[in-house]
Each structure stands twice: as C-alpha cells, then as structure tokens.
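A.B. asks: Sharing my_file-v7.pdb below, PDB, C-alpha atoms:
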```
ATOM      1  CA  MET A   1     -51.040 -80.022  44.515
ATOM      2  CA  GLY A   2     -47.814 -81.899  44.669
ATOM      3  CA  VAL A   3     -48.076 -84.416  41.888
ATOM      4  CA  PHE A   4     -44.470 -85.350  41.619
ATOM      5  CA  LYS A   5     -42.211 -88.032  42.942
ATOM      6  CA  ASN A   6     -38.932 -87.498  44.742
ATOM      7  CA  PRO A   7     -36.775 -90.403  43.548
ATOM      8  CA  PHE A   8     -34.412 -90.115  46.508
ATOM      9  CA  VAL A   9     -36.855 -90.740  49.332
ATOM     10  CA  VAL A  10     -38.802 -93.894  50.073
ATOM     11  CA  ASP A  11     -41.687 -92.316  51.955
ATOM     12  CA  GLN A  12     -43.143 -89.720  49.608
ATOM     13  CA  ARG A  13     -45.487 -88.503  52.319
ATOM     14  CA  GLY A  14     -42.690 -88.085  54.865
ATOM     15  CA  ASP A  15     -41.080 -84.848  55.953
ATOM     16  CA  TRP A  16     -38.672 -84.560  53.046
ATOM     17  CA  THR A  17     -40.085 -81.172  52.005
ATOM     18  CA  GLN A  18     -38.778 -79.778  55.306
ATOM     19  CA  ASN A  19     -35.838 -82.044  55.983
ATOM     20  CA  TRP A  20     -33.331 -81.927  53.129
ATOM     21  CA  ARG A  21     -30.835 -84.245  54.737
ATOM     22  CA  PHE A  22     -31.250 -86.721  51.890
ATOM     23  CA  ILE A  23     -29.390 -84.218  49.693
ATOM     24  CA  GLU A  24     -26.650 -83.513  52.231
ATOM     25  CA  THR A  25     -25.917 -87.170  52.828
ATOM     26  CA  SER A  26     -25.929 -88.233  49.196
ATOM     27  CA  SER A  27     -22.638 -89.715  48.073
ATOM     28  CA  SER A  28     -23.387 -89.150  44.381
ATOM     29  CA  THR A  29     -21.545 -86.652  42.271
ATOM     30  CA  LEU A  30     -23.659 -83.885  40.745
ATOM     31  CA  THR A  31     -23.520 -85.578  37.350
ATOM     32  CA  GLU A  32     -24.690 -88.887  38.802
ATOM     33  CA  TRP A  33     -27.424 -87.087  40.735
ATOM     34  CA  VAL A  34     -28.777 -85.385  37.595
ATOM     35  CA  LYS A  35     -28.721 -88.645  35.644
ATOM     36  CA  MET A  36     -30.591 -90.499  38.375
ATOM     37  CA  LEU A  37     -33.188 -87.744  38.653
ATOM     38  CA  HIS A  38     -33.913 -87.746  34.966
ATOM     39  CA  ASN A  39     -33.883 -91.502  34.497
ATOM     40  CA  GLN A  40     -36.432 -92.040  37.244
ATOM     41  CA  SER A  41     -38.673 -89.159  36.277
ATOM     42  CA  ASN A  42     -38.640 -90.077  32.609
ATOM     43  CA  THR A  43     -39.710 -93.575  33.592
ATOM     44  CA  GLY A  44     -42.634 -92.079  35.515
ATOM     45  CA  VAL A  45     -43.785 -89.871  32.662
ATOM     46  CA  ILE A  46     -43.537 -92.714  30.148
ATOM     47  CA  LYS A  47     -45.543 -94.871  32.548
ATOM     48  CA  TYR A  48     -48.220 -92.178  32.636
ATOM     49  CA  PHE A  49     -48.505 -92.188  28.842
ATOM     50  CA  ASN A  50     -48.510 -95.977  28.768
ATOM     51  CA  ASN A  51     -51.367 -96.103  31.272
ATOM     52  CA  TYR A  52     -53.425 -93.813  29.120
ATOM     53  CA  LYS A  53     -52.559 -95.759  25.984
ATOM     54  CA  LYS A  54     -53.509 -99.046  27.634
ATOM     55  CA  SER A  55     -56.862 -97.591  28.710
ATOM     56  CA  LEU A  56     -57.464 -96.506  25.121
ATOM     57  CA  SER A  57     -56.598 -99.954  23.854
ATOM     58  CA  ASP A  58     -58.839-101.626  26.479
ATOM     59  CA  PHE A  59     -61.693 -99.336  25.502
ATOM     60  CA  SER A  60     -61.439-100.388  21.872
ATOM     61  CA  THR A  61     -60.978-104.097  22.670
ATOM     62  CA  ASN A  62     -63.657-104.330  25.361
ATOM     63  CA  LEU A  63     -66.220-102.711  23.099
ATOM     64  CA  ARG A  64     -65.152-104.544  19.936
ATOM     65  CA  LEU A  65     -64.860-101.259  18.109
ATOM     66  CA  GLU A  66     -62.840-102.902  15.334
ATOM     67  CA  ASP A  67     -65.743-105.280  14.640
ATOM     68  CA  HIS A  68     -68.459-103.152  13.000
ATOM     69  CA  ARG A  69     -70.383-106.298  11.978
ATOM     70  CA  PHE A  70     -71.020-107.143  15.637
ATOM     71  CA  TRP A  71     -72.668-103.785  16.279
ATOM     72  CA  HIS A  72     -74.645-103.939  13.044
ATOM     73  CA  HIS A  73     -75.850-107.424  13.883
ATOM     74  CA  GLU A  74     -76.898-106.271  17.374
ATOM     75  CA  ARG A  75     -78.765-103.389  15.745
ATOM     76  CA  ARG A  76     -76.901-100.910  17.882
ATOM     77  CA  ASP A  77     -75.427 -98.735  15.128
ATOM     78  CA  GLY A  78     -76.255 -95.502  16.971
ATOM     79  CA  GLU A  79     -74.518 -96.694  20.125
ATOM     80  CA  TYR A  80     -71.529 -97.828  18.037
ATOM     81  CA  ILE A  81     -71.172 -94.351  16.563
ATOM     82  CA  GLN A  82     -71.323 -92.823  20.055
ATOM     83  CA  HIS A  83     -68.458 -95.071  21.174
ATOM     84  CA  LEU A  84     -66.420 -94.158  18.106
ATOM     85  CA  LEU A  85     -66.996 -90.459  18.762
ATOM     86  CA  MET A  86     -65.872 -90.951  22.347
ATOM     87  CA  GLN A  87     -62.764 -92.717  21.087
ATOM     88  CA  VAL A  88     -61.974 -89.666  18.943
ATOM     89  CA  LYS A  89     -62.238 -87.467  22.042
ATOM     90  CA  MET A  90     -59.915 -89.788  23.941
ATOM     91  CA  LEU A  91     -57.402 -89.640  21.113
ATOM     92  CA  ASN A  92     -57.708 -85.878  21.083
ATOM     93  CA  ILE A  93     -56.756 -85.787  24.778
ATOM     94  CA  ALA A  94     -53.787 -88.054  24.057
ATOM     95  CA  PHE A  95     -52.657 -85.592  21.405
ATOM     96  CA  GLN A  96     -53.008 -82.694  23.855
ATOM     97  CA  MET A  97     -50.895 -84.534  26.415
ATOM     98  CA  ALA A  98     -48.123 -85.190  23.906
ATOM     99  CA  TYR A  99     -48.366 -81.622  22.614
ATOM    100  CA  SER A 100     -48.037 -80.095  26.072
ATOM    101  CA  ALA A 101     -45.169 -82.425  26.988
ATOM    102  CA  ILE A 102     -43.236 -81.406  23.888
ATOM    103  CA  PHE A 103     -44.038 -77.746  24.503
ATOM    104  CA  ALA A 104     -42.737 -77.977  28.074
ATOM    105  CA  LEU A 105     -39.614 -79.849  27.040
ATOM    106  CA  TRP A 106     -38.746 -77.300  24.345
ATOM    107  CA  HIS A 107     -39.239 -74.531  26.880
ATOM    108  CA  HIS A 108     -36.987 -76.361  29.323
ATOM    109  CA  LEU A 109     -34.352 -76.979  26.655
ATOM    110  CA  LEU A 110     -34.360 -73.345  25.575
ATOM    111  CA  ARG A 111     -33.860 -72.018  29.100
ATOM    112  CA  THR A 112     -31.218 -74.633  29.891
ATOM    113  CA  GLN A 113     -29.326 -73.741  26.725
ATOM    114  CA  ALA A 114     -29.591 -70.045  27.590
ATOM    115  CA  ASP A 115     -27.977 -70.686  30.996
ATOM    116  CA  PHE A 116     -25.312 -72.870  29.440
ATOM    117  CA  SER A 117     -24.449 -70.301  26.779
ATOM    118  CA  ARG A 118     -24.125 -67.556  29.413
ATOM    119  CA  LEU A 119     -21.745 -69.776  31.330
ATOM    120  CA  ILE A 120     -19.662 -70.510  28.218
ATOM    121  CA  GLU A 121     -19.460 -66.802  27.391
ATOM    122  CA  LYS A 122     -18.215 -65.943  30.866
ATOM    123  CA  VAL A 123     -15.659 -68.747  30.998
ATOM    124  CA  ILE A 124     -14.281 -67.952  27.551
ATOM    125  CA  GLN A 125     -13.953 -64.249  28.398
ATOM    126  CA  LYS A 126     -11.704 -65.106  31.343
TER     127      LYS A 126
ATOM    128  CA  MET B   1     -56.866 -84.171  53.098
ATOM    129  CA  ASP B   2     -56.039 -87.861  52.890
ATOM    130  CA  LEU B   3     -54.442 -88.383  49.547
ATOM    131  CA  GLN B   4     -54.850 -92.114  49.782
ATOM    132  CA  GLU B   5     -58.504 -91.731  48.932
ATOM    133  CA  ASN B   6     -59.019 -93.110  45.461
ATOM    134  CA  ASN B   7     -61.392 -90.310  44.592
ATOM    135  CA  ASP B   8     -58.677 -87.770  45.229
ATOM    136  CA  ILE B   9     -56.286 -89.509  42.881
ATOM    137  CA  ASN B  10     -58.814 -89.548  40.083
ATOM    138  CA  GLU B  11     -59.824 -85.974  40.861
ATOM    139  CA  ILE B  12     -56.231 -84.791  40.634
ATOM    140  CA  PHE B  13     -55.680 -86.472  37.301
ATOM    141  CA  LYS B  14     -58.980 -85.114  36.050
ATOM    142  CA  ARG B  15     -57.764 -81.615  36.874
ATOM    143  CA  PHE B  16     -54.512 -82.442  35.149
ATOM    144  CA  LEU B  17     -56.373 -83.431  31.979
ATOM    145  CA  GLN B  18     -58.456 -80.264  32.166
ATOM    146  CA  LYS B  19     -55.301 -78.199  32.056
ATOM    147  CA  LEU B  20     -54.387 -79.888  28.794
ATOM    148  CA  LYS B  21     -57.263 -78.459  26.794
ATOM    149  CA  CYS B  22     -56.142 -76.876  23.590
ATOM    150  CA  ARG B  23     -56.071 -73.087  23.593
ATOM    151  CA  CYS B  24     -55.025 -72.531  20.004
ATOM    152  CA  LEU B  25     -57.058 -70.368  17.615
ATOM    153  CA  ILE B  26     -57.984 -73.346  15.449
ATOM    154  CA  CYS B  27     -59.819 -75.110  18.266
ATOM    155  CA  ASP B  28     -61.078 -71.847  19.785
ATOM    156  CA  MET B  29     -61.114 -73.604  23.168
ATOM    157  CA  LYS B  30     -64.114 -75.646  22.102
ATOM    158  CA  MET B  31     -62.354 -78.990  22.181
ATOM    159  CA  ASP B  32     -62.386 -79.575  25.914
ATOM    160  CA  TYR B  33     -63.296 -83.203  26.418
ATOM    161  CA  SER B  34     -61.209 -83.701  29.539
ATOM    162  CA  ARG B  35     -64.024 -84.021  32.068
ATOM    163  CA  GLU B  36     -66.110 -86.174  29.730
ATOM    164  CA  VAL B  37     -63.185 -88.525  29.085
ATOM    165  CA  ALA B  38     -61.953 -88.634  32.691
ATOM    166  CA  GLU B  39     -65.418 -89.483  33.991
ATOM    167  CA  HIS B  40     -66.395 -91.874  31.221
ATOM    168  CA  TYR B  41     -67.825 -95.295  32.079
ATOM    169  CA  TYR B  42     -68.761 -97.933  29.520
ATOM    170  CA  CYS B  43     -70.321-101.367  29.475
ATOM    171  CA  ALA B  44     -67.773-103.836  28.099
ATOM    172  CA  ILE B  45     -68.615-106.901  25.990
ATOM    173  CA  ASP B  46     -67.490-110.318  27.200
ATOM    174  CA  ARG B  47     -66.094-113.212  25.133
ATOM    175  CA  ASP B  48     -69.552-114.534  24.400
ATOM    176  CA  GLY B  49     -70.614-111.231  22.903
ATOM    177  CA  GLN B  50     -72.802-110.370  25.893
ATOM    178  CA  PHE B  51     -72.753-106.979  27.567
ATOM    179  CA  ASN B  52     -71.485-107.012  31.176
ATOM    180  CA  ASP B  53     -73.823-106.215  34.060
ATOM    181  CA  PHE B  54     -71.445-103.558  35.337
ATOM    182  CA  ASN B  55     -69.636-100.539  33.938
ATOM    183  CA  ASP B  56     -65.886-100.114  33.566
ATOM    184  CA  LYS B  57     -64.223 -96.779  34.045
ATOM    185  CA  PHE B  58     -62.243 -95.642  31.019
ATOM    186  CA  ILE B  59     -59.227 -94.812  33.168
ATOM    187  CA  ASP B  60     -58.877 -95.434  36.881
ATOM    188  CA  TRP B  61     -55.704 -93.967  38.334
ATOM    189  CA  SER B  62     -56.320 -95.514  41.736
ATOM    190  CA  GLU B  63     -55.316 -98.845  40.228
ATOM    191  CA  THR B  64     -51.960 -97.560  39.040
ATOM    192  CA  THR B  65     -48.664 -96.821  40.767
ATOM    193  CA  PHE B  66     -49.326 -93.113  40.395
ATOM    194  CA  LYS B  67     -50.427 -92.977  43.982
ATOM    195  CA  ASP B  68     -46.702 -92.447  44.612
ATOM    196  CA  TYR B  69     -46.866 -89.154  42.793
ATOM    197  CA  LEU B  70     -49.403 -87.736  45.179
ATOM    198  CA  SER B  71     -46.588 -87.030  47.493
ATOM    199  CA  THR B  72     -46.884 -83.871  49.388
ATOM    200  CA  GLY B  73     -50.422 -82.573  49.564
ATOM    201  CA  ASP B  74     -50.821 -78.904  48.777
ATOM    202  CA  ILE B  75     -47.357 -77.571  48.190
ATOM    203  CA  SER B  76     -45.968 -75.294  45.541
ATOM    204  CA  MET B  77     -42.491 -75.104  44.069
ATOM    205  CA  ALA B  78     -42.075 -71.720  45.765
ATOM    206  CA  THR B  79     -42.804 -73.307  49.156
ATOM    207  CA  LEU B  80     -40.374 -76.143  48.475
ATOM    208  CA  ARG B  81     -37.709 -73.600  47.661
ATOM    209  CA  ALA B  82     -38.469 -71.523  50.756
ATOM    210  CA  ASN B  83     -38.270 -74.687  52.877
ATOM    211  CA  TYR B  84     -34.874 -75.498  51.430
ATOM    212  CA  GLU B  85     -33.609 -71.963  52.037
ATOM    213  CA  ASN B  86     -34.785 -72.231  55.640
ATOM    214  CA  TYR B  87     -33.060 -75.572  56.129
ATOM    215  CA  GLY B  88     -29.828 -75.161  58.103
ATOM    216  CA  THR B  89     -28.035 -71.837  57.937
ATOM    217  CA  TYR B  90     -26.591 -72.166  54.490
ATOM    218  CA  ASN B  91     -28.688 -69.890  52.323
ATOM    219  CA  VAL B  92     -30.116 -66.391  52.195
ATOM    220  CA  GLN B  93     -33.846 -66.680  52.722
ATOM    221  CA  ASN B  94     -35.382 -64.784  49.831
ATOM    222  CA  GLY B  95     -38.870 -65.032  51.197
ATOM    223  CA  TYR B  96     -37.924 -63.588  54.574
ATOM    224  CA  GLN B  97     -35.807 -60.472  54.279
ATOM    225  CA  GLY B  98     -34.077 -61.109  50.997
ATOM    226  CA  LEU B  99     -30.574 -60.297  49.946
ATOM    227  CA  ARG B 100     -29.313 -57.080  51.561
ATOM    228  CA  GLY B 101     -25.707 -57.138  50.423
ATOM    229  CA  VAL B 102     -22.898 -59.207  48.957
ATOM    230  CA  LYS B 103     -19.332 -59.887  49.900
ATOM    231  CA  ASN B 104     -16.713 -60.268  47.163
ATOM    232  CA  LEU B 105     -15.142 -63.683  47.044
ATOM    233  CA  TYR B 106     -12.107 -64.599  44.987
ATOM    234  CA  ARG B 107     -12.309 -67.602  42.698
ATOM    235  CA  LYS B 108      -9.925 -68.471  39.931
ATOM    236  CA  THR B 109     -12.806 -68.961  37.510
ATOM    237  CA  PRO B 110     -15.796 -67.032  38.845
ATOM    238  CA  VAL B 111     -19.216 -68.286  37.875
ATOM    239  CA  PRO B 112     -22.004 -65.711  37.363
ATOM    240  CA  TRP B 113     -24.609 -67.713  39.266
ATOM    241  CA  GLN B 114     -27.059 -64.813  39.376
ATOM    242  CA  GLU B 115     -27.134 -64.767  35.558
ATOM    243  CA  LEU B 116     -28.019 -68.440  35.336
ATOM    244  CA  ASN B 117     -31.678 -67.607  35.752
ATOM    245  CA  TYR B 118     -33.102 -71.011  35.058
ATOM    246  CA  LEU B 119     -30.733 -72.882  37.347
ATOM    247  CA  ASN B 120     -31.675 -70.310  39.988
ATOM    248  CA  LEU B 121     -29.215 -71.527  42.593
ATOM    249  CA  PRO B 122     -30.009 -70.530  46.185
ATOM    250  CA  VAL B 123     -27.746 -67.700  47.364
ATOM    251  CA  VAL B 124     -25.091 -68.916  49.795
ATOM    252  CA  ARG B 125     -25.306 -66.995  53.055
ATOM    253  CA  ARG B 126     -22.360 -65.479  54.873
ATOM    254  CA  PRO B 127     -22.001 -66.820  58.439
ATOM    255  CA  GLY B 128     -23.495 -64.516  61.052
ATOM    256  CA  ALA B 129     -25.233 -62.368  58.439
ATOM    257  CA  PRO B 130     -28.558 -63.858  57.316
ATOM    258  CA  CYS B 131     -29.057 -61.439  54.422
ATOM    259  CA  ILE B 132     -25.532 -61.222  53.046
ATOM    260  CA  GLY B 133     -24.520 -63.359  50.076
ATOM    261  CA  TYR B 134     -21.432 -63.578  47.914
ATOM    262  CA  THR B 135     -20.384 -62.448  44.483
ATOM    263  CA  GLU B 136     -17.428 -64.111  42.805
ATOM    264  CA  HIS B 137     -14.502 -62.277  41.205
ATOM    265  CA  SER B 138     -11.079 -63.204  39.862
ATOM    266  CA  VAL B 139      -9.063 -60.093  40.768
ATOM    267  CA  ARG B 140      -6.163 -61.251  42.916
ATOM    268  CA  SER B 141      -5.476 -57.785  44.321
ATOM    269  CA  LEU B 142      -8.942 -57.786  45.905
ATOM    270  CA  ILE B 143      -8.386 -60.981  47.886
ATOM    271  CA  GLY B 144      -9.258 -60.285  51.536
ATOM    272  CA  SER B 145      -8.014 -61.904  54.720
ATOM    273  CA  GLU B 146     -11.250 -63.849  55.179
ATOM    274  CA  ASP B 147     -11.433 -65.093  51.608
ATOM    275  CA  MET B 148      -9.745 -68.419  52.280
ATOM    276  CA  SER B 149     -12.068 -69.531  55.085
ATOM    277  CA  ASP B 150     -15.115 -68.077  53.300
ATOM    278  CA  SER B 151     -14.131 -69.856  50.131
ATOM    279  CA  ILE B 152     -13.934 -73.290  51.788
ATOM    280  CA  ARG B 153     -17.377 -72.895  53.331
ATOM    281  CA  TYR B 154     -18.793 -71.439  50.142
ATOM    282  CA  ASN B 155     -17.581 -74.402  48.084
ATOM    283  CA  GLN B 156     -18.952 -76.832  50.631
ATOM    284  CA  ILE B 157     -22.385 -75.267  50.508
ATOM    285  CA  THR B 158     -22.491 -74.913  46.747
ATOM    286  CA  MET B 159     -21.344 -78.449  46.089
ATOM    287  CA  LYS B 160     -21.119 -80.514  49.256
ATOM    288  CA  THR B 161     -24.159 -79.190  51.077
ATOM    289  CA  ARG B 162     -25.831 -79.456  47.747
ATOM    290  CA  SER B 163     -27.440 -76.183  46.752
ATOM    291  CA  SER B 164     -26.684 -77.182  43.183
ATOM    292  CA  TYR B 165     -28.233 -80.599  43.837
ATOM    293  CA  PHE B 166     -31.353 -78.911  45.127
ATOM    294  CA  SER B 167     -31.652 -76.716  42.020
ATOM    295  CA  TYR B 168     -31.510 -79.741  39.750
ATOM    296  CA  GLU B 169     -34.061 -81.532  41.889
ATOM    297  CA  ILE B 170     -36.494 -78.602  41.634
ATOM    298  CA  TRP B 171     -35.909 -78.495  37.883
ATOM    299  CA  ASN B 172     -36.763 -82.117  37.726
ATOM    300  CA  PHE B 173     -39.995 -81.735  39.703
ATOM    301  CA  ASN B 174     -40.952 -78.995  37.289
ATOM    302  CA  ARG B 175     -40.545 -81.428  34.421
ATOM    303  CA  GLN B 176     -42.708 -84.035  36.035
ATOM    304  CA  LEU B 177     -46.456 -84.046  35.543
ATOM    305  CA  TRP B 178     -47.198 -81.134  37.817
ATOM    306  CA  GLU B 179     -45.443 -78.590  35.681
ATOM    307  CA  PHE B 180     -45.897 -79.920  32.214
ATOM    308  CA  SER B 181     -49.616 -79.420  32.615
ATOM    309  CA  LYS B 182     -49.149 -75.985  34.094
ATOM    310  CA  THR B 183     -46.929 -74.842  31.262
ATOM    311  CA  LEU B 184     -49.857 -74.931  28.887
ATOM    312  CA  LEU B 185     -51.453 -71.972  30.650
ATOM    313  CA  TRP B 186     -49.727 -69.464  28.395
TER     314      TRP B 186
END
```
Mind turning this structure into structure tokens?
C.D. replies:
Amino acid sequence: MGVFKNPFVVDQRGDWTQNWRFIETSSSTLTEWVKMLHNQSNTGVIKYFNNYKKSLSDFSTNLRLEDHRFWHHERRDGEYIQHLLMQVKMLNIAFQMAYSAIFALWHHLLRTQADFSRLIEKVIQK
Amino acid sequence: MDLQENNDINEIFKRFLQKLKCRCLICDMKMDYSREVAEHYYCAIDRDGQFNDFNDKFIDWSETTFKDYLSTGDISMATLRANYENYGTYNVQNGYQGLRGVKNLYRKTPVPWQELNYLNLPVVRRPGAPCIGYTEHSVRSLIGSEDMSDSIRYNQITMKTRSSYFSYEIWNFNRQLWEFSKTLLW
C-alpha cells in the first residue's frame, strides 16, 4: 500500500506514478531537490509521532490517570488498573515506533555512506 | 478501493502498527499489543467528573492530515521504478528485457554508477537500442566518433531529465512510513 507522500505534486491520487513530468520540469538543482524532499518528509514523520503522542496525552488526561484519588473515591480501582495497563501497552508501541525508525535510519545511513565511500575511492584513484 | 474511506485509513495504520511488534529474543514476540491499542476505545471523564455517554477512540487517523499519505493505492517501490523506466525513452527497462550490452562513453571523471548500489540510478538507454546502456571510462584513446553526441544526451538524462532526481525521490519514499515499518521484518 502506498503510504507515502510525494512533496512535489498537489494531487497525491493523480497520475504522478505514471507521469514523471514533475521531475523533468523542476527548476531545482539536485541539492535543492534533496533538501526539499527531506524537509517535507521529516515534517510528515514528526507529525506522525506527534499525533501518537497527543493521543497518549489525551488518553491520560481524559481518564484522569494522574488522579488516583478520583478512581479510589469512585470505587473503580480495578478499572483504573486496567487503564494503566493499557497505557503501558501504548507506551510500548511508542517505543517500538521509535526503535524501528532509528533502525531504519541507521540502515539508510550505512548504505548511503557505503555508496559515498565507493565514490570517493574511485575519484581519488583517478 | 476508495482510500478516502475512514476505515481504510485506520486499517492501514493498524497494519503499520502491527509491523512494529518487537521481534527480539527478550520479548519473544509476545509483546504484540498493536491491534489492541489501534482498536482501543475508552469512556472519557468530563469536567464534572462524570463518565461520558459515548466512547472515544484512542487514535483516529481519519481526523488527521495523514489522509494525504494514502496516495497511490496498491503500489510497490518496484512498480514505481518500473513506471519511471517506462516513462519516455530515456532508460533501459530492467523489468522488460533488461540490460543486454553497454557502450563505452568517455568522461573526464567517470562515475561507477553501477557500484553505487543504494543510489541505484536507472541505466541510461542508448537511442535506438532499448537494452543498451553506457559504461563510463576516462581513456582518451578510446573516444569514439559518437561520444560527443552521446555524452550530451547522457548528461541531459542523468541530470536534466532527472534520473538522479528520481533515485533520490525513491530513497525518500523508502524513508517515509511505508518503509520504516517494513524494515523491521528482518
């Protein structure tokens, strides 16, 4: 499933996967192009994390999880514990997301550096 | 499939979360809460300390701007690449017949594009020969009569017609959500 955003086209559901004219007609240099790509995508990924974090915060606030006296007073201790356990699971998922993002970025960095070092070797040999 | 359906958006992100489950030996794959978390509803408490009459969803992606990310329906990176190679007559189409031969092309500082595996630049196609690409060299004595015209076109395709731009774009898609969930499947 295509879950990505092309920062250079307005209509994400248009025919850009077949019609690559948006690349041909770009007036940006390659360096500018790469910077724009990364800036916009990084914004998207950060927004994804922020959405999740906000949902976590809303969960805690909406259920008054910081206020154990409320739950004790309501005689709903068992329910309170269930909510806290769920919160732990949500935090666990957040950790997994961050873990996988870092894993992917290290992998990306390694392979990029490998390409770059090959290029340096070849240029220096000339 | 109409991707504007809210259910689809939440379903896609649920699948994304499921791919994030930890596969390390410590967890022994037992810590998979993705479905439970993605489908979790709870009854919030209002300002007066009363429980609401309705349930809130823990996370509802249909209310976010992430609808933009559901861009292309079912499409893989391989298909995107094949589409680009088929666009115009600039590149050798790897998925069709593949590279059958290369022509030497003089460049003052040759770049070993085929060794830059991760950049994985599409192979520039020689005009009139759909399966013939180029390999760069810097030996002046091997310069052929067609090298000048070939070289101009080759440069245009690599830089101006943006094969290099395409490679960076594909890289970038890989770094977006789609791939960083997939990478965990080691």
A.B. asks: For this file, the PyMOL selection byres ((chain A and resi 48) around 12) selects which residues, as a ChimeraX atom specification?
C.D. replies: /A:4,41-47,49-55,94,97-98,101 /B:13,16-17,59-61,64-67,69,176-177
A.B. asks: Hey, what's within 12 Å of B:Val37 if we count only C-alpha atoms and toss same-chain stuff fewer than 6 positions away? As a PDB file with C-alpha atoms, in the frame of the given file, please?
C.D. replies:
```pdb
ATOM      1  CA  TYR A  52     -53.425 -93.813  29.120  1.00  0.00           C
ATOM      2  CA  SER A  55     -56.862 -97.591  28.710  1.00  0.00           C
ATOM      3  CA  LEU A  56     -57.464 -96.506  25.121  1.00  0.00           C
ATOM      4  CA  PHE A  59     -61.693 -99.336  25.502  1.00  0.00           C
ATOM      5  CA  HIS A  83     -68.458 -95.071  21.174  1.00  0.00           C
ATOM      6  CA  LEU A  85     -66.996 -90.459  18.762  1.00  0.00           C
ATOM      7  CA  MET A  86     -65.872 -90.951  22.347  1.00  0.00           C
ATOM      8  CA  GLN A  87     -62.764 -92.717  21.087  1.00  0.00           C
ATOM      9  CA  VAL A  88     -61.974 -89.666  18.943  1.00  0.00           C
ATOM     10  CA  LYS A  89     -62.238 -87.467  22.042  1.00  0.00           C
ATOM     11  CA  MET A  90     -59.915 -89.788  23.941  1.00  0.00           C
ATOM     12  CA  LEU A  91     -57.402 -89.640  21.113  1.00  0.00           C
ATOM     13  CA  ASN A  92     -57.708 -85.878  21.083  1.00  0.00           C
ATOM     14  CA  ILE A  93     -56.756 -85.787  24.778  1.00  0.00           C
ATOM     15  CA  ALA A  94     -53.787 -88.054  24.057  1.00  0.00           C
TER      16      ALA A  94
ATOM     17  CA  ASN B  10     -58.814 -89.548  40.083  1.00  0.00           C
ATOM     18  CA  PHE B  13     -55.680 -86.472  37.301  1.00  0.00           C
ATOM     19  CA  LYS B  14     -58.980 -85.114  36.050  1.00  0.00           C
ATOM     20  CA  ARG B  15     -57.764 -81.615  36.874  1.00  0.00           C
ATOM     21  CA  LEU B  17     -56.373 -83.431  31.979  1.00  0.00           C
ATOM     22  CA  GLN B  18     -58.456 -80.264  32.166  1.00  0.00           C
ATOM     23  CA  LYS B  21     -57.263 -78.459  26.794  1.00  0.00           C
ATOM     24  CA  MET B  31     -62.354 -78.990  22.181  1.00  0.00           C
ATOM     25  CA  LYS B  57     -64.223 -96.779  34.045  1.00  0.00           C
ATOM     26  CA  PHE B  58     -62.243 -95.642  31.019  1.00  0.00           C
ATOM     27  CA  ILE B  59     -59.227 -94.812  33.168  1.00  0.00           C
ATOM     28  CA  ASP B  60     -58.877 -95.434  36.881  1.00  0.00           C
TER      29      ASP B  60
END
```
A.B. asks: In Å to one decimal, how far is atom CA of A:Leu105 from atom CA of A:Phe22?
C.D. replies: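 Answer for the atom CA of A:Phe22 to atom CA of A:Leu105 separation: 27.1 Å.
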A.B. asks: Please indicate the distance in Å from atom CA of B:Met159 to atom CA of B:Tyr134, rounded to one decimal place.
C.D. replies: 15.0 Å
A.B. asks: What gap, in Å, lies between atom CA of B:Gly101 and atom CA of B:Arg125?
C.D. replies: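 Interatomic distance here is 10.2 Å.
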A.B. asks: Quick one: which residues end up in the PyMOL selection byres ((chain A and resi 8) around 10) for this structure, as JSON, numbers by chain?
C.D. replies: {"A": [5, 6, 7, 9, 10, 11, 12, 16, 22, 23, 26, 33, 36, 37, 40], "B": [169]}
A.B. asks: At a cut-off of 12 Å from (-71.9, -97.0, 15.4) in the coordinates of the file, what residues are picked up using only C-alpha atoms, written as a list in words?
C.D. replies: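 Here is the list of nearby residues: Leu63, Arg64, Leu65, Glu66, Asp67, His68, Arg69, Phe70, Trp71, His72, His73, Glu74, Arg75, Arg76, Asp77, Gly78, Glu79, Tyr80, Ile81, Gln82, His83, Leu84, Leu85, Met86 and Gln87 of chain A.
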A.B. asks: List the residues selected by the PyMOL selection byres ((chain B and resi 164) around 10) in the file shown, writing them as a PyMOL selection string.
C.D. replies: (chain A and resi 23+30) or (chain B and resi 119-122+157-163+165-169)
A.B. asks: Let me make sure I understand: among A:Glu32, A:Asn39, A:Ser100, A:Leu110, which one has the smallest atom-to-atom distance to chain B if we use only C-alpha atoms?
C.D. replies: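 So, comparing all the options, the nearest one is A:Ser100.
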A.B. asks: Using only C-alpha atoms, which of A:Ser117, A:Ser28, A:Gln125, A:Gln96 sits nearest chain B?
C.D. replies: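 For chain B, the nearest of the given residues is A:Gln96.
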A.B. asks: Excluding A:His108 and any residue of its chain fewer than 4 positions from it, enumerate the residues within 12 Å of it, using all atoms listed in the file, and give them as a list of chain:residue names.
C.D. replies: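 Here the answer would be A:Ala101, A:Ile102, A:Phe103, A:Ala104, A:Thr112, A:Gln113, A:Ala114, A:Asp115, B:Tyr118, B:Leu119, B:Trp171, B:Asn172, B:Asn174, B:Arg175, B:Gln176, B:Glu179, B:Phe180, B:Thr183.
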